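I have placed the structure first, in the form of structure tokens, so that the comments after it can refer back to it.
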Amino acid sequence: MNKALQTRFDAIGRLFRYPTEGYPALARELAKSLCTGSSRAAEPMARFADYVASIPPHELEETFTRTFDLNPACAAEIGWHLFGEEYLRGLFMVRIRAEMRERGLEESGELPDHVVHVLAVLAAMEPKPAREFARACVCPAVGKMQRALAEGDPPFRPLVDALAAMLLEAFDLSADALEAEEGDTAAFIGSDPLHAPACGMGGCCPAPETVALELPRSEPAPASDRTTKEHVS
């Protein structure tokens, strides 16, 4: 993936984290970048940037929390949308973390399968495996997030729409990728996709160890508390 796309993936990933002081400026800069590149993501991203610039910080924070932290149907964790509380989600998180460590990618207080981490790994992969990873795992999860925000005019829907458009464009995928069957994602994870020789990594990372994970979703914790829920070593 080229440097411009890596920068855009990094920026939009950070917009799925709890808003801080620089959040509106980040949204505005990403919107400008997408307009310059004539991306289909430009229009929804511009709407989102206008929205975050128009409201006070406390309202932005409250809306973010209601959208992503208190609404499991639109959680920002990719693995949750793919596997729920099944064991495969734990395997997915361990593999994402291993890839981050192997590539020198910094972790944050978010769980390993959070959008910001998954996009960082995706941007660091070779083109062919990155496209398959996006098709089989990332796009289906983002599609579920879109459908969770389909009713009314939720403020964060343009952000999710922008991410969906960026993924489809970056990997030359059709909109059908956002509707992929869950069986495809399970088969992809089960084939050890992030370590197979086809991805150019040649098994450079050790096989994931068995871990115990707490995966509650009936009462999701705020983003600031997610670190305490993590038991991935």
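Chain labels A, B, ... are given in the sequence in which chains occur in the structure tokens; within each chain residues are numbered consecutively from 1, and ligands are likewise numbered from 1 in the order shown.
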Using only C-alpha atoms, which residues sit within 12 Å of A:Ala124 once same-chain residues fewer than 6 positions away are excluded, as JSON, numbers by chain? {"A": [1, 2, 3, 5, 6, 7, 9, 10, 96, 99, 100, 101, 102, 103, 104, 105, 117, 118, 130, 131, 133, 194, 199, 200, 201]}
Those residues you just picked out, can you put them in a file as a compact mmCIF listing (two decimals), in the first residue's frame with N, CA and C atoms?
# COMPACT_ATOMS: atom_id res chain seq x y z
N MET A 1 0.85 -1.19 0.00
CA MET A 1 0.00 0.00 0.00
C MET A 1 0.88 1.24 0.00
N ASN A 2 0.50 2.27 -0.79
CA ASN A 2 1.36 3.44 -0.87
C ASN A 2 1.23 4.31 0.38
N LYS A 3 2.17 5.27 0.49
CA LYS A 3 2.26 6.07 1.70
C LYS A 3 1.00 6.90 1.93
N LEU A 5 -2.11 6.23 1.14
CA LEU A 5 -3.18 5.38 1.67
C LEU A 5 -2.90 4.98 3.11
N GLN A 6 -1.64 4.72 3.43
CA GLN A 6 -1.30 4.40 4.81
C GLN A 6 -1.65 5.55 5.74
N THR A 7 -1.34 6.78 5.29
CA THR A 7 -1.65 7.95 6.10
C THR A 7 -3.14 8.11 6.30
N PHE A 9 -5.47 5.70 6.11
CA PHE A 9 -5.96 4.62 6.96
C PHE A 9 -5.64 4.91 8.43
N ASP A 10 -4.46 5.45 8.68
CA ASP A 10 -4.09 5.80 10.05
C ASP A 10 -5.02 6.88 10.59
N ILE A 96 -3.61 -10.47 15.41
CA ILE A 96 -3.43 -9.04 15.11
C ILE A 96 -2.31 -8.47 15.97
N GLU A 99 1.08 -9.59 14.68
CA GLU A 99 1.46 -8.85 13.48
C GLU A 99 1.90 -7.43 13.82
N MET A 100 1.25 -6.81 14.78
CA MET A 100 1.65 -5.47 15.19
C MET A 100 3.07 -5.48 15.76
N ARG A 101 3.34 -6.45 16.62
CA ARG A 101 4.68 -6.54 17.21
C ARG A 101 5.74 -6.81 16.15
N GLU A 102 5.43 -7.72 15.23
CA GLU A 102 6.39 -8.07 14.18
C GLU A 102 6.72 -6.88 13.30
N ARG A 103 5.74 -6.00 13.08
CA ARG A 103 5.93 -4.87 12.18
C ARG A 103 6.26 -3.58 12.91
N GLY A 104 6.43 -3.65 14.21
CA GLY A 104 6.80 -2.47 14.98
C GLY A 104 5.68 -1.45 15.11
N LEU A 105 4.43 -1.91 15.04
CA LEU A 105 3.29 -1.01 15.15
C LEU A 105 2.94 -0.80 16.62
N HIS A 117 -6.20 -0.62 15.10
CA HIS A 117 -5.13 -1.61 15.00
C HIS A 117 -5.26 -2.47 13.75
N VAL A 118 -6.48 -2.86 13.44
CA VAL A 118 -6.70 -3.70 12.26
C VAL A 118 -6.31 -2.95 10.99
N ALA A 130 -3.37 -8.36 1.66
CA ALA A 130 -4.13 -7.26 2.23
C ALA A 130 -5.53 -7.20 1.61
N ARG A 131 -5.59 -7.39 0.30
CA ARG A 131 -6.89 -7.37 -0.38
C ARG A 131 -7.79 -8.50 0.13
N PHE A 133 -7.56 -10.06 3.05
CA PHE A 133 -7.89 -9.78 4.45
C PHE A 133 -9.02 -8.74 4.52
N LEU A 194 -2.95 -14.64 8.38
CA LEU A 194 -1.95 -13.62 8.63
C LEU A 194 -0.54 -14.18 8.75
N CYS A 199 1.10 -14.71 2.22
CA CYS A 199 1.12 -13.30 2.54
C CYS A 199 2.51 -12.71 2.55
N GLY A 200 3.51 -13.53 2.25
CA GLY A 200 4.85 -12.99 2.19
C GLY A 200 5.52 -12.93 3.54
N MET A 201 4.85 -13.47 4.59
CA MET A 201 5.43 -13.44 5.91
C MET A 201 6.12 -14.76 6.25
When DSSP is applied to the backbone of this structure, which of stretch 56-173 of chain A are assigned helix (DSSP H, G or I)? Write them out as a CSV table (one decimal) with N, CA and C atoms, in the first residue's frame.
chain,number,residue,atom,x,y,z
A,57,PRO,N,-17.2,20.0,22.5
A,57,PRO,CA,-16.5,18.8,22.8
A,57,PRO,C,-17.3,17.8,23.6
A,58,HIS,N,-18.0,18.2,24.6
A,58,HIS,CA,-18.7,17.3,25.5
A,58,HIS,C,-19.8,16.6,24.7
A,59,GLU,N,-20.5,17.3,23.8
A,59,GLU,CA,-21.5,16.6,23.0
A,59,GLU,C,-20.9,15.6,22.1
A,60,LEU,N,-19.8,15.9,21.5
A,60,LEU,CA,-19.1,15.0,20.6
A,60,LEU,C,-18.7,13.7,21.4
A,61,GLU,N,-18.2,13.9,22.6
A,61,GLU,CA,-17.8,12.8,23.4
A,61,GLU,C,-19.0,11.9,23.8
A,62,GLU,N,-20.1,12.5,24.1
A,62,GLU,CA,-21.3,11.8,24.5
A,62,GLU,C,-21.8,11.0,23.3
A,63,THR,N,-21.8,11.6,22.2
A,63,THR,CA,-22.3,11.0,21.0
A,63,THR,C,-21.5,9.8,20.6
A,64,PHE,N,-20.2,10.0,20.7
A,64,PHE,CA,-19.2,8.9,20.4
A,64,PHE,C,-19.5,7.7,21.3
A,65,THR,N,-19.6,8.0,22.6
A,65,THR,CA,-19.8,6.9,23.5
A,65,THR,C,-21.1,6.1,23.3
A,66,ARG,N,-22.2,6.9,23.0
A,66,ARG,CA,-23.5,6.2,22.6
A,66,ARG,C,-23.4,5.4,21.4
A,67,THR,N,-22.6,5.9,20.4
A,67,THR,CA,-22.5,5.2,19.1
A,67,THR,C,-21.7,3.9,19.2
A,68,PHE,N,-20.5,4.0,19.8
A,68,PHE,CA,-19.5,2.9,19.7
A,68,PHE,C,-19.3,2.1,21.0
A,69,ASP,N,-19.5,2.7,22.1
A,69,ASP,CA,-19.2,2.0,23.4
A,69,ASP,C,-20.5,1.4,24.0
A,72,PRO,N,-23.5,-2.3,21.1
A,72,PRO,CA,-22.7,-3.4,20.6
A,72,PRO,C,-22.9,-3.6,19.1
A,73,ALA,N,-24.0,-3.2,18.5
A,73,ALA,CA,-24.2,-3.4,17.1
A,73,ALA,C,-23.3,-2.6,16.2
A,74,CYS,N,-22.7,-1.5,16.9
A,74,CYS,CA,-21.8,-0.7,16.1
A,74,CYS,C,-20.4,-0.5,16.9
A,78,ILE,N,-13.4,-5.0,15.2
A,78,ILE,CA,-13.7,-5.8,14.0
A,78,ILE,C,-14.0,-7.3,14.4
A,79,GLY,N,-13.2,-7.8,15.3
A,79,GLY,CA,-13.4,-9.2,15.7
A,79,GLY,C,-14.8,-9.5,16.3
A,80,TRP,N,-15.3,-8.5,17.0
A,80,TRP,CA,-16.6,-8.7,17.6
A,80,TRP,C,-17.7,-8.9,16.5
A,81,HIS,N,-17.6,-8.1,15.5
A,81,HIS,CA,-18.6,-8.2,14.4
A,81,HIS,C,-18.5,-9.5,13.6
A,82,LEU,N,-17.3,-10.1,13.6
A,82,LEU,CA,-17.0,-11.3,12.8
A,82,LEU,C,-17.4,-12.5,13.6
A,83,PHE,N,-17.0,-12.5,14.9
A,83,PHE,CA,-17.1,-13.8,15.7
A,83,PHE,C,-17.9,-13.7,17.0
A,87,TYR,N,-14.5,-18.4,20.3
A,87,TYR,CA,-13.1,-18.6,20.4
A,87,TYR,C,-12.3,-17.9,19.3
A,88,LEU,N,-12.9,-17.9,18.1
A,88,LEU,CA,-12.2,-17.4,16.9
A,88,LEU,C,-11.9,-15.9,17.1
A,89,ARG,N,-12.7,-15.2,17.9
A,89,ARG,CA,-12.3,-13.8,18.1
A,89,ARG,C,-11.0,-13.7,18.9
A,90,GLY,N,-10.9,-14.6,19.9
A,90,GLY,CA,-9.6,-14.5,20.7
A,90,GLY,C,-8.4,-14.8,19.8
A,91,LEU,N,-8.6,-15.8,18.9
A,91,LEU,CA,-7.5,-16.1,17.9
A,91,LEU,C,-7.2,-14.9,17.0
A,92,PHE,N,-8.2,-14.3,16.6
A,92,PHE,CA,-8.1,-13.1,15.7
A,92,PHE,C,-7.3,-12.0,16.4
A,93,MET,N,-7.6,-11.8,17.7
A,93,MET,CA,-6.9,-10.7,18.5
A,93,MET,C,-5.5,-11.1,18.7
A,94,VAL,N,-5.2,-12.3,19.0
A,94,VAL,CA,-3.8,-12.7,19.3
A,94,VAL,C,-3.0,-12.5,18.0
A,95,ARG,N,-3.6,-12.9,16.8
A,95,ARG,CA,-2.8,-12.8,15.6
A,95,ARG,C,-2.6,-11.3,15.2
A,96,ILE,N,-3.6,-10.5,15.4
A,96,ILE,CA,-3.4,-9.0,15.1
A,96,ILE,C,-2.3,-8.5,16.0
A,97,ARG,N,-2.3,-8.8,17.2
A,97,ARG,CA,-1.2,-8.3,18.1
A,97,ARG,C,0.1,-8.8,17.7
A,98,ALA,N,0.2,-10.1,17.3
A,98,ALA,CA,1.5,-10.6,16.8
A,98,ALA,C,2.0,-9.9,15.6
A,99,GLU,N,1.1,-9.6,14.7
A,99,GLU,CA,1.5,-8.8,13.5
A,99,GLU,C,1.9,-7.4,13.8
A,100,MET,N,1.3,-6.8,14.8
A,100,MET,CA,1.7,-5.5,15.2
A,100,MET,C,3.1,-5.5,15.8
A,101,ARG,N,3.3,-6.5,16.6
A,101,ARG,CA,4.7,-6.5,17.2
A,101,ARG,C,5.7,-6.8,16.2
A,102,GLU,N,5.4,-7.7,15.2
A,102,GLU,CA,6.4,-8.1,14.2
A,102,GLU,C,6.7,-6.9,13.3
A,115,VAL,N,-10.7,-1.1,15.3
A,115,VAL,CA,-10.5,-0.6,13.9
A,115,VAL,C,-9.1,0.0,13.8
A,116,VAL,N,-8.6,0.8,14.7
A,116,VAL,CA,-7.3,1.5,14.6
A,116,VAL,C,-6.2,0.5,14.4
A,117,HIS,N,-6.2,-0.6,15.1
A,117,HIS,CA,-5.1,-1.6,15.0
A,117,HIS,C,-5.3,-2.5,13.7
A,118,VAL,N,-6.5,-2.9,13.4
A,118,VAL,CA,-6.7,-3.7,12.3
A,118,VAL,C,-6.3,-2.9,11.0
A,119,LEU,N,-6.7,-1.7,10.9
A,119,LEU,CA,-6.3,-0.9,9.7
A,119,LEU,C,-4.8,-0.7,9.6
A,120,ALA,N,-4.1,-0.6,10.8
A,120,ALA,CA,-2.6,-0.5,10.8
A,120,ALA,C,-2.0,-1.7,10.2
A,121,VAL,N,-2.5,-2.9,10.6
A,121,VAL,CA,-2.0,-4.1,10.1
A,121,VAL,C,-2.3,-4.3,8.6
A,122,LEU,N,-3.5,-3.9,8.3
A,122,LEU,CA,-3.9,-4.0,6.9
A,122,LEU,C,-3.0,-3.2,6.0
A,123,ALA,N,-2.7,-2.0,6.4
A,123,ALA,CA,-1.9,-1.1,5.6
A,123,ALA,C,-0.5,-1.6,5.5
A,124,ALA,N,0.0,-2.4,6.4
A,124,ALA,CA,1.4,-2.9,6.4
A,124,ALA,C,1.6,-4.2,5.6
A,127,PRO,N,0.2,-6.3,-0.9
A,127,PRO,CA,-1.1,-6.0,-1.6
A,127,PRO,C,-2.0,-7.2,-1.7
A,128,LYS,N,-1.5,-8.3,-2.2
A,128,LYS,CA,-2.4,-9.5,-2.4
A,128,LYS,C,-3.1,-10.0,-1.1
A,129,PRO,N,-2.3,-10.3,-0.1
A,129,PRO,CA,-3.0,-10.7,1.2
A,129,PRO,C,-3.8,-9.6,1.8
A,130,ALA,N,-3.4,-8.4,1.7
A,130,ALA,CA,-4.1,-7.3,2.2
A,130,ALA,C,-5.5,-7.2,1.6
A,131,ARG,N,-5.6,-7.4,0.3
A,131,ARG,CA,-6.9,-7.4,-0.4
A,131,ARG,C,-7.8,-8.5,0.1
A,132,GLU,N,-7.2,-9.7,0.3
A,132,GLU,CA,-8.0,-10.8,0.8
A,132,GLU,C,-8.4,-10.6,2.2
A,133,PHE,N,-7.6,-10.1,3.1
A,133,PHE,CA,-7.9,-9.8,4.4
A,133,PHE,C,-9.0,-8.7,4.5
A,134,ALA,N,-8.9,-7.7,3.7
A,134,ALA,CA,-10.0,-6.7,3.6
A,134,ALA,C,-11.3,-7.3,3.2
A,135,ARG,N,-11.3,-8.1,2.2
A,135,ARG,CA,-12.5,-8.7,1.6
A,135,ARG,C,-13.1,-9.7,2.6
A,136,ALA,N,-12.4,-10.5,3.2
A,136,ALA,CA,-12.9,-11.6,4.1
A,136,ALA,C,-13.2,-11.1,5.5
A,137,CYS,N,-12.5,-10.1,6.0
A,137,CYS,CA,-12.7,-9.8,7.4
A,137,CYS,C,-13.1,-8.3,7.6
A,138,VAL,N,-12.4,-7.4,7.1
A,138,VAL,CA,-12.6,-6.0,7.5
A,138,VAL,C,-13.9,-5.4,6.8
A,139,CYS,N,-14.0,-5.7,5.5
A,139,CYS,CA,-15.3,-5.1,4.9
A,139,CYS,C,-16.6,-5.7,5.5
A,140,PRO,N,-16.7,-7.0,5.7
A,140,PRO,CA,-17.9,-7.5,6.3
A,140,PRO,C,-18.2,-6.9,7.7
A,141,ALA,N,-17.2,-6.6,8.5
A,141,ALA,CA,-17.4,-6.0,9.8
A,141,ALA,C,-17.9,-4.6,9.6
A,142,VAL,N,-17.2,-3.8,8.7
A,142,VAL,CA,-17.6,-2.5,8.5
A,142,VAL,C,-19.1,-2.4,7.9
A,143,GLY,N,-19.4,-3.4,7.1
A,143,GLY,CA,-20.8,-3.5,6.5
A,143,GLY,C,-21.8,-3.6,7.7
A,144,LYS,N,-21.5,-4.4,8.7
A,144,LYS,CA,-22.4,-4.6,9.8
A,144,LYS,C,-22.5,-3.3,10.6
A,145,MET,N,-21.4,-2.5,10.7
A,145,MET,CA,-21.5,-1.2,11.4
A,145,MET,C,-22.4,-0.3,10.6
A,146,GLN,N,-22.3,-0.3,9.3
A,146,GLN,CA,-23.2,0.6,8.5
A,146,GLN,C,-24.6,0.2,8.7
A,147,ARG,N,-24.9,-1.1,8.7
A,147,ARG,CA,-26.3,-1.5,8.9
A,147,ARG,C,-26.9,-1.1,10.2
A,148,ALA,N,-26.0,-1.1,11.2
A,148,ALA,CA,-26.4,-0.8,12.6
A,148,ALA,C,-26.8,0.7,12.7
A,157,ARG,N,-22.6,8.0,11.2
A,157,ARG,CA,-22.8,7.2,10.0
A,157,ARG,C,-21.9,7.6,8.8
A,158,PRO,N,-21.7,8.9,8.6
A,158,PRO,CA,-20.8,9.4,7.5
A,158,PRO,C,-19.3,8.9,7.7
A,159,LEU,N,-18.9,8.8,9.0
A,159,LEU,CA,-17.5,8.3,9.2
A,159,LEU,C,-17.4,6.8,8.8
A,160,VAL,N,-18.4,6.0,9.2
A,160,VAL,CA,-18.4,4.6,8.8
A,160,VAL,C,-18.5,4.4,7.3
A,161,ASP,N,-19.4,5.3,6.7
A,161,ASP,CA,-19.5,5.2,5.2
A,161,ASP,C,-18.2,5.6,4.5
A,162,ALA,N,-17.5,6.6,5.1
A,162,ALA,CA,-16.2,7.0,4.5
A,162,ALA,C,-15.2,5.8,4.6
A,163,LEU,N,-15.2,5.1,5.7
A,163,LEU,CA,-14.3,4.0,5.9
A,163,LEU,C,-14.6,2.9,4.9
A,164,ALA,N,-15.9,2.6,4.7
A,164,ALA,CA,-16.3,1.6,3.7
A,164,ALA,C,-15.8,1.9,2.3
A,165,ALA,N,-16.0,3.2,1.9
A,165,ALA,CA,-15.6,3.6,0.6
A,165,ALA,C,-14.1,3.5,0.4
A,166,MET,N,-13.4,3.9,1.4
A,166,MET,CA,-11.9,3.8,1.4
A,166,MET,C,-11.4,2.4,1.2
A,167,LEU,N,-12.0,1.5,1.9
A,167,LEU,CA,-11.7,0.1,1.8
A,167,LEU,C,-12.0,-0.5,0.4
A,168,LEU,N,-13.1,-0.2,-0.1
A,168,LEU,CA,-13.5,-0.7,-1.5
A,168,LEU,C,-12.6,-0.1,-2.5
A,169,GLU,N,-12.3,1.1,-2.4
A,169,GLU,CA,-11.4,1.8,-3.4
A,169,GLU,C,-10.0,1.3,-3.3
A,170,ALA,N,-9.5,1.2,-2.1
A,170,ALA,CA,-8.1,0.8,-1.9
A,170,ALA,C,-7.8,-0.6,-2.5
Kindly give the distance, in Å, that separates atom CA of A:Glu43 and atom CA of A:Ser108, rounded to a single decimal. 29.2 Å
Residues near A:Ala42, cut-off 9 Å, only C-alpha atoms, skip fewer than 2 positions along chain, as a CSV table (one decimal) with N, CA and C atoms, in the first residue's frame:
chain,number,residue,atom,x,y,z
A,30,LEU,N,-8.3,15.0,7.0
A,30,LEU,CA,-8.6,13.8,6.2
A,30,LEU,C,-9.6,14.1,5.1
A,31,ALA,N,-10.6,14.9,5.4
A,31,ALA,CA,-11.6,15.3,4.4
A,31,ALA,C,-10.9,16.0,3.2
A,32,LYS,N,-10.0,16.9,3.5
A,32,LYS,CA,-9.3,17.6,2.5
A,32,LYS,C,-8.5,16.7,1.6
A,33,SER,N,-7.8,15.7,2.3
A,33,SER,CA,-7.0,14.8,1.6
A,33,SER,C,-7.8,13.9,0.6
A,34,LEU,N,-9.0,13.5,1.1
A,34,LEU,CA,-9.8,12.7,0.2
A,34,LEU,C,-10.4,13.5,-0.9
A,35,CYS,N,-10.7,14.7,-0.7
A,35,CYS,CA,-11.2,15.6,-1.8
A,35,CYS,C,-10.1,15.7,-2.9
A,36,THR,N,-8.9,15.9,-2.5
A,36,THR,CA,-7.8,16.0,-3.4
A,36,THR,C,-7.6,14.8,-4.3
A,37,GLY,N,-7.9,13.6,-3.7
A,37,GLY,CA,-7.7,12.4,-4.4
A,37,GLY,C,-9.0,11.9,-5.2
A,38,SER,N,-10.0,12.8,-5.2
A,38,SER,CA,-11.3,12.4,-5.8
A,38,SER,C,-11.9,11.1,-5.4
A,39,SER,N,-11.8,10.8,-4.1
A,39,SER,CA,-12.3,9.6,-3.5
A,39,SER,C,-13.8,9.7,-3.3
A,40,ARG,N,-14.5,8.5,-3.4
A,40,ARG,CA,-15.9,8.5,-3.1
A,40,ARG,C,-16.1,8.7,-1.6
A,44,PRO,N,-18.9,11.8,2.3
A,44,PRO,CA,-19.3,11.5,3.7
A,44,PRO,C,-18.3,12.0,4.7
A,45,MET,N,-17.0,12.0,4.4
A,45,MET,CA,-16.0,12.5,5.3
A,45,MET,C,-16.1,14.0,5.5
A,46,ALA,N,-16.4,14.8,4.4
A,46,ALA,CA,-16.6,16.2,4.6
A,46,ALA,C,-17.8,16.5,5.5
A,47,ARG,N,-18.9,15.7,5.3
A,47,ARG,CA,-20.1,15.9,6.2
A,47,ARG,C,-19.7,15.6,7.6
A,162,ALA,N,-17.5,6.6,5.1
A,162,ALA,CA,-16.2,7.0,4.5
A,162,ALA,C,-15.2,5.8,4.6
A,165,ALA,N,-16.0,3.2,1.9
A,165,ALA,CA,-15.6,3.6,0.6
A,165,ALA,C,-14.1,3.5,0.4
A:Ile55, A:Ala41, A:Ala49, A:Leu111: which is nearest A:Glu77, counting only C-alpha atoms? A:Leu111
Figure out the distance between atom CA of A:Ala27 and atom CA of A:Ser54, please, to one decimal in Å. 12.2 Å
